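The file entry.pdb contains PDB, C-alpha atoms:
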```pdb
ATOM      1  CA  MET A1120     102.398  64.428 128.728
ATOM      2  CA  SER A1121      99.112  66.282 129.121
ATOM      3  CA  GLY A1122      96.464  66.500 126.407
ATOM      4  CA  LEU A1123      97.375  70.139 125.708
ATOM      5  CA  ASP A1124     101.059  69.226 125.349
ATOM      6  CA  ARG A1125     100.189  66.478 122.844
ATOM      7  CA  ILE A1126      98.046  68.880 120.814
ATOM      8  CA  ARG A1127     100.798  71.515 120.866
ATOM      9  CA  ALA A1128     103.435  68.955 119.785
ATOM     10  CA  ALA A1129     101.209  67.706 116.959
ATOM     11  CA  ALA A1130     100.571  71.280 115.777
ATOM     12  CA  LEU A1131     104.283  72.092 115.798
ATOM     13  CA  ARG A1132     105.043  68.935 113.767
ATOM     14  CA  GLN A1133     102.583  70.159 111.120
ATOM     15  CA  LEU A1134     104.436  73.478 110.867
ATOM     16  CA  ALA A1135     107.835  71.868 110.321
ATOM     17  CA  PRO A1136     109.141  72.083 106.750
ATOM     18  CA  PRO A1137     109.003  68.850 104.779
ATOM     19  CA  GLN A1138     112.046  66.641 104.804
ATOM     20  CA  SER A1139     114.385  67.513 101.951
ATOM     21  CA  MET A1140     114.410  64.744  99.333
ATOM     22  CA  ASN A1141     115.996  64.483  95.931
ATOM     23  CA  LEU A1142     113.718  63.745  92.980
ATOM     24  CA  ALA A1143     114.288  59.964  93.075
ATOM     25  CA  GLU A1144     113.422  59.767  96.782
ATOM     26  CA  TRP A1145     110.363  61.996  96.312
ATOM     27  CA  MET A1146     109.131  59.912  93.379
ATOM     28  CA  GLU A1147     109.305  56.658  95.332
ATOM     29  CA  ALA A1148     107.869  58.150  98.537
ATOM     30  CA  GLU A1149     105.118  60.384  97.132
ATOM     31  CA  MET A1150     104.339  59.787  93.489
ATOM     32  CA  ARG A1151     101.537  57.505  92.352
ATOM     33  CA  LEU A1152     100.982  56.290  88.811
ATOM     34  CA  PRO A1153      97.273  55.985  87.998
ATOM     35  CA  GLU A1154      95.694  53.344  85.783
ATOM     36  CA  GLY A1155      95.885  54.412  82.163
ATOM     37  CA  VAL A1156      99.291  56.039  82.643
ATOM     38  CA  SER A1157     101.128  52.912  83.700
ATOM     39  CA  ALA A1158     100.780  49.184  83.164
ATOM     40  CA  THR A1159     101.653  48.878  86.873
ATOM     41  CA  PRO A1160      99.666  51.591  88.682
ATOM     42  CA  GLY A1161     100.465  52.665  92.224
ATOM     43  CA  ARG A1162     103.751  53.602  93.839
ATOM     44  CA  ILE A1163     106.608  54.049  91.450
ATOM     45  CA  ARG A1164     109.749  51.960  91.803
ATOM     46  CA  LEU A1165     112.693  53.289  89.844
ATOM     47  CA  TRP A1166     115.169  51.135  87.965
ATOM     48  CA  PRO A1167     118.815  52.056  88.716
ATOM     49  CA  PRO A1168     119.281  54.053  85.464
ATOM     50  CA  GLN A1169     116.078  56.011  86.170
ATOM     51  CA  ARG A1170     117.250  56.662  89.737
ATOM     52  CA  GLY A1171     120.554  58.053  88.467
ATOM     53  CA  ILE A1172     118.785  60.350  86.005
ATOM     54  CA  ALA A1173     116.340  61.586  88.678
ATOM     55  CA  GLU A1174     119.197  62.218  91.115
ATOM     56  CA  ALA A1175     121.064  64.197  88.461
ATOM     57  CA  ILE A1176     117.961  66.256  87.609
ATOM     58  CA  SER A1177     117.573  67.313  91.246
ATOM     59  CA  ASP A1178     121.270  67.876  91.982
ATOM     60  CA  PRO A1179     121.807  71.648  92.394
ATOM     61  CA  ALA A1180     125.418  71.282  91.248
ATOM     62  CA  ILE A1181     124.293  69.963  87.840
ATOM     63  CA  GLU A1182     122.953  72.624  85.479
ATOM     64  CA  ARG A1183     122.038  70.444  82.496
ATOM     65  CA  VAL A1184     121.131  66.781  82.101
ATOM     66  CA  THR A1185     121.249  65.486  78.523
ATOM     67  CA  LEU A1186     120.321  61.918  77.629
ATOM     68  CA  MET A1187     120.550  59.713  74.580
ATOM     69  CA  LYS A1188     118.305  56.772  75.227
ATOM     70  CA  PRO A1189     116.022  54.237  73.584
ATOM     71  CA  VAL A1190     112.262  54.697  73.569
ATOM     72  CA  ARG A1191     109.961  53.556  76.378
ATOM     73  CA  VAL A1192     112.425  53.749  79.288
ATOM     74  CA  GLY A1193     110.382  56.134  81.417
ATOM     75  CA  LEU A1194     111.766  59.565  80.531
ATOM     76  CA  SER A1195     108.302  61.069  80.029
ATOM     77  CA  THR A1196     107.402  59.856  83.515
ATOM     78  CA  LEU A1197     110.583  61.504  84.828
ATOM     79  CA  VAL A1198     109.556  64.755  83.094
ATOM     80  CA  SER A1199     106.088  64.529  84.685
ATOM     81  CA  ALA A1200     107.666  63.724  88.052
ATOM     82  CA  THR A1201     110.008  66.709  87.796
ATOM     83  CA  VAL A1202     107.065  69.025  87.125
ATOM     84  CA  ALA A1203     104.965  67.451  89.914
ATOM     85  CA  SER A1204     107.835  67.642  92.388
ATOM     86  CA  HIS A1205     108.358  71.337  91.679
ATOM     87  CA  ILE A1206     104.617  72.005  91.995
ATOM     88  CA  ALA A1207     104.548  70.274  95.395
ATOM     89  CA  ASN A1208     107.948  71.192  96.849
ATOM     90  CA  ASP A1209     109.800  73.937  95.005
ATOM     91  CA  PRO A1210     107.387  76.074  92.966
ATOM     92  CA  ALA A1211     109.025  77.790  90.021
ATOM     93  CA  PRO A1212     108.304  78.953  86.479
ATOM     94  CA  ILE A1213     108.552  75.770  84.369
ATOM     95  CA  LEU A1214     108.632  75.356  80.591
ATOM     96  CA  VAL A1215     108.200  71.968  78.904
ATOM     97  CA  LEU A1216     109.104  71.838  75.208
ATOM     98  CA  LEU A1217     107.724  68.995  73.058
ATOM     99  CA  PRO A1218     107.762  68.440  69.273
ATOM    100  CA  THR A1219     104.143  69.262  68.359
ATOM    101  CA  GLN A1220     100.994  70.865  69.736
ATOM    102  CA  ASP A1221      99.359  67.419  69.830
ATOM    103  CA  ASP A1222     102.289  66.103  71.899
ATOM    104  CA  CYS A1223     101.819  69.019  74.307
ATOM    105  CA  ARG A1224      98.113  68.364  74.818
ATOM    106  CA  ASP A1225      98.650  64.609  75.145
ATOM    107  CA  PHE A1226     101.426  65.110  77.726
ATOM    108  CA  VAL A1227      99.256  67.355  79.912
ATOM    109  CA  VAL A1228      95.963  65.465  79.587
ATOM    110  CA  SER A1229      97.220  61.859  79.480
ATOM    111  CA  ASP A1230     100.289  62.008  81.732
ATOM    112  CA  LEU A1231     100.774  65.110  83.853
ATOM    113  CA  GLU A1232      97.217  65.805  85.075
ATOM    114  CA  PRO A1233      96.482  62.162  86.032
ATOM    115  CA  ILE A1234      99.850  61.810  87.799
ATOM    116  CA  CYS A1235      99.352  65.069  89.733
ATOM    117  CA  GLU A1236      95.830  64.077  90.777
ATOM    118  CA  ALA A1237      96.958  60.583  91.859
ATOM    119  CA  THR A1238      99.874  61.978  93.883
ATOM    120  CA  PRO A1239      98.544  63.218  97.241
ATOM    121  CA  SER A1240     101.161  65.939  97.756
ATOM    122  CA  CYS A1241     100.217  67.725  94.514
ATOM    123  CA  ALA A1242      96.563  66.693  94.025
ATOM    124  CA  GLY A1243      94.441  69.667  93.025
ATOM    125  CA  MET A1244      97.391  72.032  92.635
ATOM    126  CA  LEU A1245      97.426  71.921  88.837
ATOM    127  CA  SER A1246      93.703  71.797  88.200
ATOM    128  CA  GLY A1247      92.535  74.900  90.075
ATOM    129  CA  GLU A1248      91.611  78.230  88.580
ATOM    130  CA  GLY A1249      95.024  79.694  89.280
ATOM    131  CA  GLU A1250      96.082  82.808  91.124
ATOM    132  CA  GLU A1251      94.913  85.127  88.357
ATOM    133  CA  GLY A1252      91.209  84.317  88.559
ATOM    134  CA  GLY A1253      90.838  81.554  85.988
ATOM    135  CA  ARG A1254      93.573  82.276  83.446
ATOM    136  CA  ASN A1255      94.632  78.640  83.232
ATOM    137  CA  THR A1256      94.471  76.816  79.911
ATOM    138  CA  ILE A1257      95.403  73.261  79.026
ATOM    139  CA  LEU A1258      98.977  74.287  78.192
ATOM    140  CA  SER A1259      99.472  77.230  80.549
ATOM    141  CA  ARG A1260      98.883  76.796  84.274
ATOM    142  CA  ARG A1261      99.509  78.848  87.371
ATOM    143  CA  PHE A1262      99.948  77.299  90.792
ATOM    144  CA  ALA A1263     100.980  78.722  94.147
ATOM    145  CA  GLY A1264     104.464  80.166  93.674
ATOM    146  CA  GLY A1265     104.968  79.097  90.078
ATOM    147  CA  SER A1266     103.691  78.458  86.602
ATOM    148  CA  LEU A1267     103.808  75.838  83.877
ATOM    149  CA  LYS A1268     103.871  76.348  80.129
ATOM    150  CA  VAL A1269     103.925  73.405  77.734
ATOM    151  CA  VAL A1270     104.834  74.527  74.231
ATOM    152  CA  ALA A1271     105.499  73.001  70.829
ATOM    153  CA  ALA A1272     108.931  73.315  69.261
ATOM    154  CA  LYS A1273     107.282  74.059  65.901
ATOM    155  CA  ALA A1274     106.721  77.654  67.005
ATOM    156  CA  PRO A1275     110.033  79.190  68.124
ATOM    157  CA  ARG A1276     108.177  82.407  68.993
ATOM    158  CA  HIS A1277     106.800  80.545  72.047
ATOM    159  CA  LEU A1278     110.323  80.532  73.450
ATOM    160  CA  ARG A1279     110.857  84.298  73.244
ATOM    161  CA  ARG A1280     108.818  85.531  76.200
ATOM    162  CA  PRO A1281     108.848  83.014  79.036
ATOM    163  CA  ASN A1282     111.235  83.548  81.913
ATOM    164  CA  VAL A1283     111.742  80.133  83.470
ATOM    165  CA  ARG A1284     113.910  78.491  86.078
ATOM    166  CA  ILE A1285     113.139  74.924  84.949
ATOM    167  CA  LEU A1286     113.349  73.940  81.263
ATOM    168  CA  LEU A1287     112.442  70.383  80.270
ATOM    169  CA  LEU A1288     112.657  69.028  76.711
ATOM    170  CA  ASP A1289     111.419  65.622  75.605
ATOM    171  CA  GLU A1290     111.497  63.837  72.242
ATOM    172  CA  ILE A1291     114.094  66.260  70.861
ATOM    173  CA  ASP A1292     114.842  63.978  67.906
ATOM    174  CA  ALA A1293     111.255  64.523  66.677
ATOM    175  CA  MET A1294     111.564  68.311  66.707
ATOM    176  CA  GLU A1295     111.813  69.953  63.309
ATOM    177  CA  GLY A1296     114.443  72.588  62.622
ATOM    178  CA  THR A1297     113.429  76.138  61.813
ATOM    179  CA  ALA A1298     114.075  77.859  58.481
ATOM    180  CA  GLU A1299     117.180  79.370  60.106
ATOM    181  CA  GLY A1300     118.475  75.903  60.989
TER     182      GLY A1300
END
```

Whole structure, structure tokens version:
Amino acid sequence: MSGLDRIRAAALRQLAPPQSMNLAEWMEAEMRLPEGVSATPGRIRLWPPQRGIAEAISDPAIERVTLMKPVRVGLSTLVSATVASHIANDPAPILVLLPTQDDCRDFVVSDLEPICEATPSCAGMLSGEGEEGGRNTILSRRFAGGSLKVVAAKAPRHLRRPNVRILLLDEIDAMEGTAEG
């Protein structure tokens, strides 16, 4: 094979779409947990229950995944991974609903941003100025082909306007009911 043929073949490989992976496969192949987010930083290795949840989240035949689980089993990491995977592979409007404004800020600053920056396939995608010339805030981000809003359940009005394809809720048992119930 001549030098030109090798260059052409390498260029064509770069243009090929990425291999299709479900969320569990993507997490183990691409995602990195930085120090400060995990007691065991580096590549993530899913436990079988986590793998099943991640596979269900990414299964197009499943519309809703609802879990009742104990604390500290990695669901927040699965939520971060779902957001990161969509940023890197399947951009979409995403809404994450958490109990309080403090929970929202903590999720973005302490979990999501560090995970996205440590994961090569989505590094820099969440921290830029966005497509609208700098309209990003801590809880509202734009990225190529999609957007992310992280809102508190204490303000139901936050749920009126967003049109989203991906809705993720965490810590539902800590969310307070509205006056209407």

Residues of range 1204-1250 of chain A within 8 Å of range 1268-1290 of chain A: nearest atom pair and distance (Å, one decimal) for each, counting all atoms listed in the file, sorted by chain and number, as a Markdown table?
```
| residue | atom | partner | partner_atom | distance |
| --- | --- | --- | --- | --- |
| A:Ala1211 | CA | A:Arg1284 | CA | 6.3 |
| A:Pro1212 | CA | A:Val1283 | CA | 4.7 |
| A:Ile1213 | CA | A:Ile1285 | CA | 4.7 |
| A:Leu1214 | CA | A:Lys1268 | CA | 4.9 |
| A:Val1215 | CA | A:Val1269 | CA | 4.7 |
| A:Leu1216 | CA | A:Leu1288 | CA | 4.8 |
| A:Leu1217 | CA | A:Ala1271 | CA | 5.1 |
| A:Pro1218 | CA | A:Ala1272 | CA | 5.0 |
| A:Thr1219 | CA | A:Ala1271 | CA | 4.7 |
| A:Gln1220 | CA | A:Ala1271 | CA | 5.1 |
| A:Asp1222 | CA | A:Ala1271 | CA | 7.7 |
| A:Cys1223 | CA | A:Val1269 | CA | 6.0 |
| A:Val1227 | CA | A:Val1269 | CA | 7.9 |
```

Now that the selection is made, can you save its residues with C-alpha atoms as a CSV table (one decimal), in the frame of the given file?
```csv
chain,number,residue,atom,x,y,z
A,1211,ALA,CA,109.0,77.8,90.0
A,1212,PRO,CA,108.3,79.0,86.5
A,1213,ILE,CA,108.6,75.8,84.4
A,1214,LEU,CA,108.6,75.4,80.6
A,1215,VAL,CA,108.2,72.0,78.9
A,1216,LEU,CA,109.1,71.8,75.2
A,1217,LEU,CA,107.7,69.0,73.1
A,1218,PRO,CA,107.8,68.4,69.3
A,1219,THR,CA,104.1,69.3,68.4
A,1220,GLN,CA,101.0,70.9,69.7
A,1222,ASP,CA,102.3,66.1,71.9
A,1223,CYS,CA,101.8,69.0,74.3
A,1227,VAL,CA,99.3,67.4,79.9
```

Write out as a compact mmCIF listing (two decimals) with C-alpha atoms, keeping the file's coordinate frame the residues lying within 12 Å of Ala1242 in chain A, counting only C-alpha atoms and excluding same-chain residues fewer than 2 positions away.
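Done, and the output landed in part-v7.txt:
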```txt
# COMPACT_ATOMS: atom_id res chain seq x y z
CA GLU A 1149 105.12 60.38 97.13
CA MET A 1150 104.34 59.79 93.49
CA ARG A 1151 101.54 57.50 92.35
CA ALA A 1203 104.96 67.45 89.91
CA SER A 1204 107.84 67.64 92.39
CA ILE A 1206 104.62 72.00 92.00
CA ALA A 1207 104.55 70.27 95.40
CA LEU A 1231 100.77 65.11 83.85
CA GLU A 1232 97.22 65.81 85.08
CA PRO A 1233 96.48 62.16 86.03
CA ILE A 1234 99.85 61.81 87.80
CA CYS A 1235 99.35 65.07 89.73
CA GLU A 1236 95.83 64.08 90.78
CA ALA A 1237 96.96 60.58 91.86
CA THR A 1238 99.87 61.98 93.88
CA PRO A 1239 98.54 63.22 97.24
CA SER A 1240 101.16 65.94 97.76
CA MET A 1244 97.39 72.03 92.64
CA LEU A 1245 97.43 71.92 88.84
CA SER A 1246 93.70 71.80 88.20
CA GLY A 1247 92.54 74.90 90.08
CA PHE A 1262 99.95 77.30 90.79
```

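The space separating CA of Gly1265 in chain A from CA of Val1202 in chain A comes to 10.7 Å.
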
Could you write out as a PyMOL selection string the residues that the PyMOL selection byres ((chain A and resi 1173) around 9) matches in the shown file? chain A and resi 1141-1144+1146+1168-1172+1174-1178+1197+1200-1201

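Across the model, the gap from CA of Ala1263 in chain A to CA of Ala1128 in chain A is 27.5 Å.
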
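Going from CA of Pro1210 in chain A to CA of Ser1139 in chain A covers 14.2 Å.
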
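Residues selected in this file by the PyMOL selection byres ((chain A and resi 1156) around 10) comprise A:Leu1152, A:Pro1153, A:Glu1154, A:Gly1155, A:Ser1157, A:Ala1158, A:Thr1159, A:Pro1160, A:Thr1196, A:Ser1229, A:Asp1230, A:Leu1231, A:Pro1233, A:Ile1234.
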
For the selection just defined, write its residues with C-alpha atoms to a file, as a compact mmCIF listing (two decimals), in the coordinates of the input.
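Written out: part_15.txt:
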```
# COMPACT_ATOMS: atom_id res chain seq x y z
CA LEU A 1152 100.98 56.29 88.81
CA PRO A 1153 97.27 55.98 88.00
CA GLU A 1154 95.69 53.34 85.78
CA GLY A 1155 95.88 54.41 82.16
CA SER A 1157 101.13 52.91 83.70
CA ALA A 1158 100.78 49.18 83.16
CA THR A 1159 101.65 48.88 86.87
CA PRO A 1160 99.67 51.59 88.68
CA THR A 1196 107.40 59.86 83.52
CA SER A 1229 97.22 61.86 79.48
CA ASP A 1230 100.29 62.01 81.73
CA LEU A 1231 100.77 65.11 83.85
CA PRO A 1233 96.48 62.16 86.03
CA ILE A 1234 99.85 61.81 87.80
```

Counting all atoms listed in the file, figure out which residue out of A:Arg1162, A:Asn1208, A:Arg1254, A:Asp1292 gets nearest to Lys1188 in chain A. A:Asp1292

Padded axis-aligned box of range 1219-1232 of chain A (6 Å per side), centre and edge lengths, Å, one decimal, as AutoDock Vina command-line options:
```
--center_x 100.1 --center_y 66.4 --center_z 76.7 --size_x 20.2 --size_y 21.0 --size_z 28.7
```
